[in-house]
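A short write-up of the structure that comes next.
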Amino acid sequence: MEASAEKPGNVTPTKSFEDLTYRDFVAAAERLEPFIERAAKDGEKADIGKLIYDATPGKKNINFGIIIMFMPLAACRGGSTKKLLKSLTLEDTAWIVKAMQKGELGGMGLRDLKLSKYDVYSEKIFEIIKTENKTPLGLMGMATPYDTLAGEWIDDYPISRAIAKRIDSDPHTIINEYLRCLAERPDTLIARKAGLEKAREVSQMAKWAIGGNLSMDDFDYFLRSQGNYLNPGTTADLIATGLFLKLLD
């Protein structure tokens, strides 16, 4: 449903990137389904870290944010994730880091040099996790200033739950909620790739689009002017999670 809405700057049924199409997102959703089903069946006993790793494809990973966001919610059937996420262990951390490595995630560069030792591609990352006793919530806490999705884990999905109250399956509603969400907060995927100022510029343009001062076509053209460099991918993941919560409800 999220990918099917013609949202500016994202892959849609009519718009693709050079190496990414709508069919890829449909295939990714179909691949994810059995892992989400397993999490739902296992409930709070679900092996979240391992499930995230198993659900992450080794090639053309395009929905890691959705995998990370959906898995705890599926295990908790849309209810509070606080108890489950607090119970995750160092083993879960290792599986999640391995999933990031396996998926060869882009846009993961850390501009804060103080955090460079936590680079998931570092040879010493697993040693550091063990020495510093970094649970998944510990890592997510450090990532919160750079990744809105990490903040969702820390605070039990406040943004996604707010989206779920306003959204439905109608494509126009999905697009409107996407614009509202993008206008309210800079997209952290854009911020990691292009810098915070560029992400803020995109948020301002979303406000203009909502107010009718910028056409949707012009906004879409701007976001696609550099390939997927300005793709509001984090915002898309939030919209998908809001829809998932709506369906669970």
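Going through the structure tokens in order, the chains are called A, B, and so on, while each chain numbers its residues from 1 and the ligands are numbered from 1 in the order shown.
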
- Item | Contact residues around stretch 72-83 of chain A with only C-alpha atoms at 12 Å, ignoring same-chain residues under 5 positions, as a ChimeraX atom specification | /A:32-49,51-52,66-67,88,136-137,152-158,160-161,164,241-249

Would you write out those residues with C-alpha atoms, as a compact mmCIF listing (two decimals), in the first residue's frame?
# COMPACT_ATOMS: atom_id res chain seq x y z
CA LEU A 32 9.19 -10.52 4.33
CA GLU A 33 5.76 -12.03 4.99
CA PRO A 34 6.77 -15.44 6.46
CA PHE A 35 9.24 -13.86 8.87
CA ILE A 36 6.61 -11.42 10.13
CA GLU A 37 4.20 -14.34 10.50
CA ARG A 38 6.79 -16.22 12.57
CA ALA A 39 7.29 -13.21 14.85
CA ALA A 40 3.54 -12.93 15.34
CA LYS A 41 3.22 -16.63 16.19
CA ASP A 42 6.14 -16.59 18.64
CA GLY A 43 4.94 -13.41 20.34
CA GLU A 44 7.18 -11.97 23.05
CA LYS A 45 9.31 -15.13 22.84
CA ALA A 46 10.25 -14.25 19.26
CA ASP A 47 13.96 -14.32 18.47
CA ILE A 48 13.90 -10.75 17.15
CA GLY A 49 17.58 -10.35 16.26
CA LEU A 51 14.46 -12.96 12.62
CA ILE A 52 15.75 -9.58 11.44
CA ILE A 66 10.61 -1.83 7.39
CA ILE A 67 12.09 -5.13 8.63
CA LEU A 88 16.78 -8.13 23.90
CA PRO A 136 19.93 -3.28 20.69
CA LEU A 137 18.29 -0.48 22.68
CA GLU A 152 10.79 4.83 17.40
CA TRP A 153 12.35 1.76 19.03
CA ILE A 154 13.39 3.79 22.09
CA ASP A 155 9.99 5.43 22.67
CA ASP A 156 7.56 2.68 21.54
CA TYR A 157 6.78 4.05 18.08
CA PRO A 158 5.13 7.42 18.89
CA SER A 160 4.17 5.61 13.70
CA ARG A 161 1.27 5.28 16.15
CA ALA A 164 -1.81 5.03 12.23
CA THR A 241 4.82 1.28 9.76
CA GLY A 242 1.77 3.46 10.35
CA LEU A 243 -0.14 1.41 7.79
CA PHE A 244 1.06 -1.82 9.42
CA LEU A 245 -0.19 -0.64 12.81
CA LYS A 246 -3.52 0.35 11.24
CA LEU A 247 -3.91 -3.14 9.80
CA LEU A 248 -2.94 -4.77 13.11
CA ASP A 249 -5.53 -2.62 14.88

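Within the 10 Å cut-off around A:Asn61, using only C-alpha atoms and omitting residues fewer than 6 positions from it on the same chain, the listed residues are Asp24, Phe25, Ala28, Ala55, Met100, Lys102, Gly103, Glu104, Leu105 and Gly106 of chain A.
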
Could you write out that same residue set with C-alpha atoms as a short mmCIF file (atom, residue, chain, number, x, y, z; two decimals), in the first residue's frame?
data_model
loop_
_atom_site.label_atom_id
_atom_site.label_comp_id
_atom_site.auth_asym_id
_atom_site.auth_seq_id
_atom_site.Cartn_x
_atom_site.Cartn_y
_atom_site.Cartn_z
CA ASP A 24 11.25 -4.87 -6.38
CA PHE A 25 9.24 -3.47 -3.47
CA ALA A 28 10.51 -7.53 -0.95
CA ALA A 55 14.52 -11.58 6.83
CA MET A 100 23.18 -4.66 8.41
CA LYS A 102 24.57 -8.77 5.10
CA GLY A 103 22.26 -6.20 3.55
CA GLU A 104 25.17 -3.91 2.64
CA LEU A 105 23.16 -0.93 3.79
CA GLY A 106 23.85 2.42 2.20
#

- Rank A:Leu179, A:Leu115, A:Asp168, A:Ser225 by their smallest atom-to-atom distance to A:Met142, using only C-alpha atoms, and report the top residue only. A:Leu115

- Item | Option closest in space to A:Thr188, from A:Met216, A:Tyr146, A:Arg224, A:Ile167 [counting only C-alpha atoms] |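 Smallest distance to A:Thr188 is found for A:Tyr146.
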
- Could you write out, as a VMD selection string, all the residues of stretch 24-209 of chain A that DSSP marks as alpha helix (DSSP H)? chain A and resid 24 to 42 48 to 55 64 to 75 82 to 86 90 to 103 125 to 131 136 to 143 148 to 155 158 to 166 171 to 184 188 to 194 196 to 209

- Task: Have a look at atom CA of A:Asp218 and atom CA of A:His172 and let me know their distance in Å, one decimal.
- Result: 17.7 Å

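Compared by their closest atoms to A:Asn176, and using only C-alpha atoms, the residues A:Ile68, A:Glu2, A:Asp237, A:Leu189 rank with A:Glu2 nearest.
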
- Separation of atom CA of A:Asn10 and atom CA of A:Asp119, in Å?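 Rounded to one decimal, the two atoms are 27.0 Å apart.
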
- Message: as number ranges by chain, please: the residues near stretch 199-211 of chain A (cut-off 9 Å, only C-alpha atoms, same-chain neighbours under 5 positions excluded).
- Response: A: 176, 179-192, 194, 216, 219, 223, 230, 232

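Residue neighbourhood of A:Ala99, excluding near-sequence residues (fewer than 6 positions): Ile52, Tyr53, Asp54 and Thr56 of chain A, at 8 Å, using only C-alpha atoms.
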
Selected residues, N, CA and C atoms, written as a tab-separated table (two decimals), in the first residue's frame, please.
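Printed below is part06.tsv as written:
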chain	number	residue	atom	x	y	z
A	52	ILE	N	15.34	-10.71	12.26
A	52	ILE	CA	15.75	-9.58	11.44
A	52	ILE	C	16.86	-10.00	10.48
A	53	TYR	N	17.81	-10.78	10.99
A	53	TYR	CA	18.89	-11.27	10.13
A	53	TYR	C	18.34	-12.17	9.03
A	54	ASP	N	17.50	-13.12	9.38
A	54	ASP	CA	16.96	-14.07	8.39
A	54	ASP	C	16.11	-13.36	7.34
A	56	THR	N	16.54	-10.37	6.21
A	56	THR	CA	17.33	-9.43	5.41
A	56	THR	C	18.01	-10.17	4.25
